[in-house]
Amino acid sequence: MKATDRLRLFAAAAVLPLIAAAACSSKPDRPAPFNRTVQVGFKAAAPGMSDYQYADGIFQGFEPDLVGDVLGDAGVQHSRVLVTAESWQDALGDGNTNHNRVDLVVADISDTAGREKGFDMAGPYLMTPLGALTSAGHPVVVKRQEDLVALRVCTVAKTTPRAFVEIEVKPRVSRDGHSPQDCLQDLDNGSADVFVSDYLPLRGIAENKKVNGKRPYVITDGKFGKTQFLVAVLQKGHTRACQWLRSKLDKYVKSLKWVDNLRRNFNFGTDETDDNLRQDFQPLISTSDNRCAA
């Protein structure tokens with residue numbers, strides 16, 4: 001072998017490790033499960049928040065848009081899976097009961113001390129008071145919490161609004177639904193006066209749901225109860241992944257994308273300024289609220 005050939009081989013051998021090192025260093029440093037395609041759980045039939053379009057097989061709403069923006073900007077692929085208020089915890093476990101195993105749930109879930117013990121929670125990405133939805137055909141007036149006492153109130157079982165109504169309100173009649181659709185049906189057939197839940201999801205229903213071109217429900221003026229902070233939920237023990245997602249959500253809620261997402265999905269008009277919307281619904285992600293600790 002000629003000396004010049006040996007020199008070329010030596011130079012190539014020296015360059016290859018540098019190329020490999022550069023390739024490794026350029027690979028995104030994403031913790032599991034964000035280092036692969038992520039299975040994300042969303043609720044259905046919650047227009048504004050998350051609504052599954054069965055004809056098209058797609059989810060629409062603030063939460064699917066948020067996940068698309070946040071994970072998309074980070075270069076993370078994701079698939080979308082249906083969960084409910086009753087099934088999302090199983091879905092984050094083995095998922096066997098409902099065949100809907102997921103890595104992450106973004107589905108109108110409030111940050112509570114009880115949930116902190118069992119899950120890692122990133123965010124919050126929204127804050128909202130509780131509110132009341134009523135039938136447009138038979139509306140009732142709710143301006144404050146006390147107005148609920150004399151009414152027939154429906155809430156979804158195993159939710160924060162359910163606990164609030166049971167402990168704080170104690171209405172004349174309390175009805176449990178397995179899903180928001182149960183409470184909407186109660187409004188339709190006249191067996192409930194109001195559906196109490198988080199204000200923003202109820203506004204989403206009032207603004208987006210139509211029957212024969214008309215809106216069948218009205219959001220009342222009343223806002224009450226403790227402010228709910230909505231979080232993205234992972235299995236317990238995913239501290240690094242939770243911190244990673246938390247930083248991405250922190251950046252997102254401060255961006256114009258967050259405000260545009262809110263306006264689009266909840267039909268806020270020009271009379272509501274960006275500052276108004278941020279004051280009412282944008283949470284501050286602070287170190288004191290970190291729910292990612294192992």
# chains A, B, ... in the order shown; residues from 1 in each chain; ligands from 1
>>> residues_around(residues="A:His178", least_positions_apart="2", cutoff="7 Å", atoms="only C-alpha atoms", output="list in words")
Val156, Ala157, Asp176 and Asp182 of chain A
>>> select_by_dssp(residues="stretch 99-241 of chain A", states="strand (DSSP E)", output="short mmCIF file (atom, residue, chain, number, x, y, z; two decimals) with N, CA, C and O atoms, in the first residue's frame")
data_model
loop_
_atom_site.label_atom_id
_atom_site.label_comp_id
_atom_site.auth_asym_id
_atom_site.auth_seq_id
_atom_site.Cartn_x
_atom_site.Cartn_y
_atom_site.Cartn_z
N LEU A 104 -50.01 9.03 28.18
CA LEU A 104 -50.31 10.39 28.63
C LEU A 104 -51.80 10.63 28.46
O LEU A 104 -52.40 10.17 27.49
N VAL A 105 -52.40 11.35 29.42
CA VAL A 105 -53.81 11.71 29.31
C VAL A 105 -53.93 13.23 29.41
O VAL A 105 -53.40 13.84 30.35
N PHE A 119 -50.20 9.76 40.47
CA PHE A 119 -49.79 10.10 39.11
C PHE A 119 -48.80 11.26 39.12
O PHE A 119 -48.76 12.05 40.07
N ASP A 120 -48.03 11.37 38.04
CA ASP A 120 -47.23 12.56 37.80
C ASP A 120 -48.05 13.49 36.91
O ASP A 120 -48.65 13.04 35.92
N MET A 121 -48.09 14.78 37.27
CA MET A 121 -48.96 15.72 36.57
C MET A 121 -48.15 16.91 36.09
O MET A 121 -47.51 17.60 36.88
N ALA A 122 -48.19 17.14 34.77
CA ALA A 122 -47.45 18.24 34.15
C ALA A 122 -48.40 19.38 33.83
O ALA A 122 -49.53 19.19 33.41
N GLY A 123 -47.93 20.57 34.01
CA GLY A 123 -48.76 21.74 33.73
C GLY A 123 -48.82 22.64 34.95
O GLY A 123 -47.86 22.73 35.71
N PRO A 124 -49.97 23.29 35.14
CA PRO A 124 -51.24 23.20 34.41
C PRO A 124 -51.21 23.95 33.08
O PRO A 124 -50.36 24.80 32.86
N TYR A 125 -52.18 23.61 32.20
CA TYR A 125 -52.28 24.25 30.91
C TYR A 125 -53.54 25.10 30.79
O TYR A 125 -53.68 25.87 29.83
N LEU A 126 -54.48 24.98 31.74
CA LEU A 126 -55.67 25.80 31.80
C LEU A 126 -56.08 25.96 33.25
O LEU A 126 -55.85 25.04 34.06
N MET A 127 -56.70 27.07 33.58
CA MET A 127 -57.39 27.17 34.87
C MET A 127 -58.83 27.61 34.58
O MET A 127 -59.09 28.37 33.64
N THR A 128 -59.74 27.10 35.38
CA THR A 128 -61.14 27.40 35.15
C THR A 128 -61.94 27.25 36.43
O THR A 128 -61.69 26.33 37.21
N PRO A 129 -62.90 28.15 36.68
CA PRO A 129 -63.82 27.93 37.79
C PRO A 129 -64.84 26.88 37.38
O PRO A 129 -64.81 26.37 36.25
N LEU A 130 -65.76 26.55 38.27
CA LEU A 130 -66.89 25.71 37.92
C LEU A 130 -68.00 26.60 37.35
O LEU A 130 -68.04 27.80 37.59
N GLY A 131 -68.88 25.97 36.58
CA GLY A 131 -69.99 26.70 36.01
C GLY A 131 -71.21 25.80 35.89
O GLY A 131 -71.18 24.64 36.30
N ALA A 132 -72.28 26.34 35.33
CA ALA A 132 -73.52 25.57 35.19
C ALA A 132 -74.07 25.76 33.79
O ALA A 132 -74.15 26.88 33.27
N LEU A 133 -74.47 24.64 33.19
CA LEU A 133 -75.09 24.63 31.88
C LEU A 133 -76.57 24.31 32.05
O LEU A 133 -76.94 23.47 32.87
N THR A 134 -77.41 24.99 31.27
CA THR A 134 -78.85 24.77 31.37
C THR A 134 -79.44 24.63 29.97
O THR A 134 -78.79 24.97 28.97
N SER A 135 -80.64 24.10 29.89
CA SER A 135 -81.31 23.93 28.60
C SER A 135 -81.74 25.29 28.05
O SER A 135 -82.27 26.13 28.78
N ARG A 152 -82.21 20.83 40.61
CA ARG A 152 -81.82 19.44 40.34
C ARG A 152 -80.51 19.51 39.55
O ARG A 152 -80.48 19.99 38.41
N VAL A 153 -79.45 19.04 40.19
CA VAL A 153 -78.10 19.24 39.65
C VAL A 153 -77.51 17.90 39.20
O VAL A 153 -77.47 16.94 39.97
N CYS A 154 -77.03 17.87 37.97
CA CYS A 154 -76.35 16.68 37.46
C CYS A 154 -74.85 16.96 37.38
O CYS A 154 -74.42 18.04 36.97
N THR A 155 -74.05 15.98 37.80
CA THR A 155 -72.60 16.03 37.65
C THR A 155 -72.12 14.66 37.19
O THR A 155 -72.82 13.65 37.32
N VAL A 156 -70.91 14.62 36.66
CA VAL A 156 -70.33 13.35 36.22
C VAL A 156 -69.62 12.69 37.40
O VAL A 156 -68.86 13.33 38.13
N VAL A 173 -81.90 18.01 44.59
CA VAL A 173 -81.77 16.72 43.90
C VAL A 173 -80.39 16.67 43.27
O VAL A 173 -79.96 17.62 42.60
N SER A 174 -79.68 15.58 43.49
CA SER A 174 -78.36 15.40 42.93
C SER A 174 -78.36 14.16 42.04
O SER A 174 -78.75 13.08 42.47
N ARG A 175 -77.94 14.34 40.81
CA ARG A 175 -77.95 13.24 39.85
C ARG A 175 -76.54 12.96 39.37
O ARG A 175 -75.77 13.88 39.08
N ASP A 176 -76.19 11.68 39.29
CA ASP A 176 -74.89 11.25 38.80
C ASP A 176 -74.99 10.79 37.35
O ASP A 176 -75.91 10.05 36.99
N GLY A 177 -74.04 11.24 36.54
CA GLY A 177 -73.92 10.73 35.18
C GLY A 177 -72.63 9.97 35.03
O GLY A 177 -71.65 10.25 35.72
N VAL A 194 -79.74 21.79 35.81
CA VAL A 194 -78.41 22.27 35.41
C VAL A 194 -77.42 21.12 35.40
O VAL A 194 -77.58 20.12 36.11
N PHE A 195 -76.40 21.28 34.61
CA PHE A 195 -75.25 20.38 34.56
C PHE A 195 -74.07 21.18 35.07
O PHE A 195 -73.68 22.18 34.48
N VAL A 196 -73.51 20.78 36.21
CA VAL A 196 -72.38 21.50 36.82
C VAL A 196 -71.07 20.78 36.48
O VAL A 196 -70.93 19.58 36.68
N SER A 197 -70.14 21.55 35.98
CA SER A 197 -68.82 21.01 35.65
C SER A 197 -67.85 22.19 35.55
O SER A 197 -68.19 23.32 35.92
N ASP A 198 -66.64 21.95 35.04
CA ASP A 198 -65.71 23.04 34.81
C ASP A 198 -66.31 24.02 33.79
O ASP A 198 -66.91 23.60 32.79
N TYR A 217 -78.14 24.43 24.41
CA TYR A 217 -77.74 24.68 25.79
C TYR A 217 -77.19 26.10 25.95
O TYR A 217 -76.69 26.70 25.00
N VAL A 218 -77.30 26.60 27.17
CA VAL A 218 -76.84 27.95 27.50
C VAL A 218 -75.95 27.87 28.74
O VAL A 218 -76.30 27.23 29.73
N ILE A 219 -74.81 28.53 28.69
CA ILE A 219 -73.95 28.64 29.87
C ILE A 219 -74.49 29.77 30.74
O ILE A 219 -74.80 30.86 30.25
N THR A 220 -74.68 29.51 32.03
CA THR A 220 -75.22 30.54 32.92
C THR A 220 -74.13 31.53 33.32
O THR A 220 -72.94 31.31 33.09
N ASP A 221 -74.53 32.63 33.94
CA ASP A 221 -73.57 33.67 34.34
C ASP A 221 -72.71 33.24 35.52
O ASP A 221 -71.62 33.78 35.73
N GLY A 222 -73.20 32.32 36.32
CA GLY A 222 -72.52 31.98 37.56
C GLY A 222 -71.21 31.26 37.36
O GLY A 222 -71.09 30.34 36.56
N LYS A 223 -70.20 31.71 38.11
CA LYS A 223 -68.91 31.01 38.21
C LYS A 223 -68.65 30.84 39.70
O LYS A 223 -68.79 31.79 40.47
N PHE A 224 -68.28 29.65 40.12
CA PHE A 224 -68.19 29.39 41.55
C PHE A 224 -67.21 28.26 41.82
O PHE A 224 -66.64 27.68 40.90
N GLY A 225 -67.07 27.96 43.11
CA GLY A 225 -66.18 26.87 43.51
C GLY A 225 -64.71 27.25 43.41
O GLY A 225 -64.34 28.32 42.91
N LYS A 226 -63.89 26.36 43.86
CA LYS A 226 -62.44 26.55 43.80
C LYS A 226 -61.96 26.46 42.36
O LYS A 226 -62.41 25.60 41.60
N THR A 227 -61.06 27.35 41.97
CA THR A 227 -60.51 27.31 40.62
C THR A 227 -59.84 25.97 40.36
O THR A 227 -59.06 25.48 41.18
N GLN A 228 -60.17 25.38 39.23
CA GLN A 228 -59.59 24.10 38.84
C GLN A 228 -58.39 24.34 37.93
O GLN A 228 -58.45 25.17 37.02
N PHE A 229 -57.33 23.60 38.16
CA PHE A 229 -56.14 23.68 37.32
C PHE A 229 -56.01 22.36 36.56
O PHE A 229 -55.85 21.31 37.17
N LEU A 230 -56.11 22.44 35.24
CA LEU A 230 -56.12 21.25 34.41
C LEU A 230 -54.69 20.87 34.02
O LEU A 230 -53.90 21.71 33.60
N VAL A 231 -54.40 19.57 34.16
CA VAL A 231 -53.03 19.09 33.98
C VAL A 231 -52.99 17.90 33.03
O VAL A 231 -53.98 17.20 32.83
N ALA A 232 -51.81 17.68 32.46
CA ALA A 232 -51.52 16.48 31.68
C ALA A 232 -50.99 15.42 32.63
O ALA A 232 -50.14 15.72 33.48
N VAL A 233 -51.47 14.19 32.50
CA VAL A 233 -51.20 13.16 33.50
C VAL A 233 -50.39 12.00 32.90
O VAL A 233 -50.72 11.50 31.82
N LEU A 234 -49.35 11.58 33.65
CA LEU A 234 -48.54 10.42 33.30
C LEU A 234 -48.56 9.43 34.46
O LEU A 234 -48.94 9.78 35.58
N GLN A 235 -48.09 8.23 34.18
CA GLN A 235 -47.93 7.25 35.25
C GLN A 235 -46.96 7.77 36.30
O GLN A 235 -46.03 8.51 35.99
#
>>> select_by_dssp(residues="stretch 29-242 of chain A", states="helix (DSSP H, G or I)", output="PyMOL selection string")
chain A and resi 62-73+88-92+113-118+145-148+160-169+180-189+199-208+239-242
>>> atom_distance(atom1="atom CA of A:Asp271", atom2="atom CA of A:Val140")
25.2 Å
>>> closest_residue(among="A:His138, A:Phe164, A:Leu262, A:Gln145", to="A:Leu187", atoms="only C-alpha atoms")
A:His138
>>> atom_distance(atom1="atom CA of A:Pro31", atom2="atom CA of A:Leu71")
12.9 Å
>>> residues_around(residues="A:Asn261", least_positions_apart="6", cutoff="10 Å", atoms="only C-alpha atoms", output="MDAnalysis selection string")
chainID A and resid 48 61:63 65:66 69 267
>>> closest_residue(among="A:Val253, A:Leu82, A:Ala45, A:Ala192", to="A:Ser179", atoms="only C-alpha atoms")
A:Ala45
>>> closest_residue(among="A:Pro139, A:Gly75, A:Pro201, A:Pro216", to="A:Gln185", atoms="only C-alpha atoms")
A:Pro216
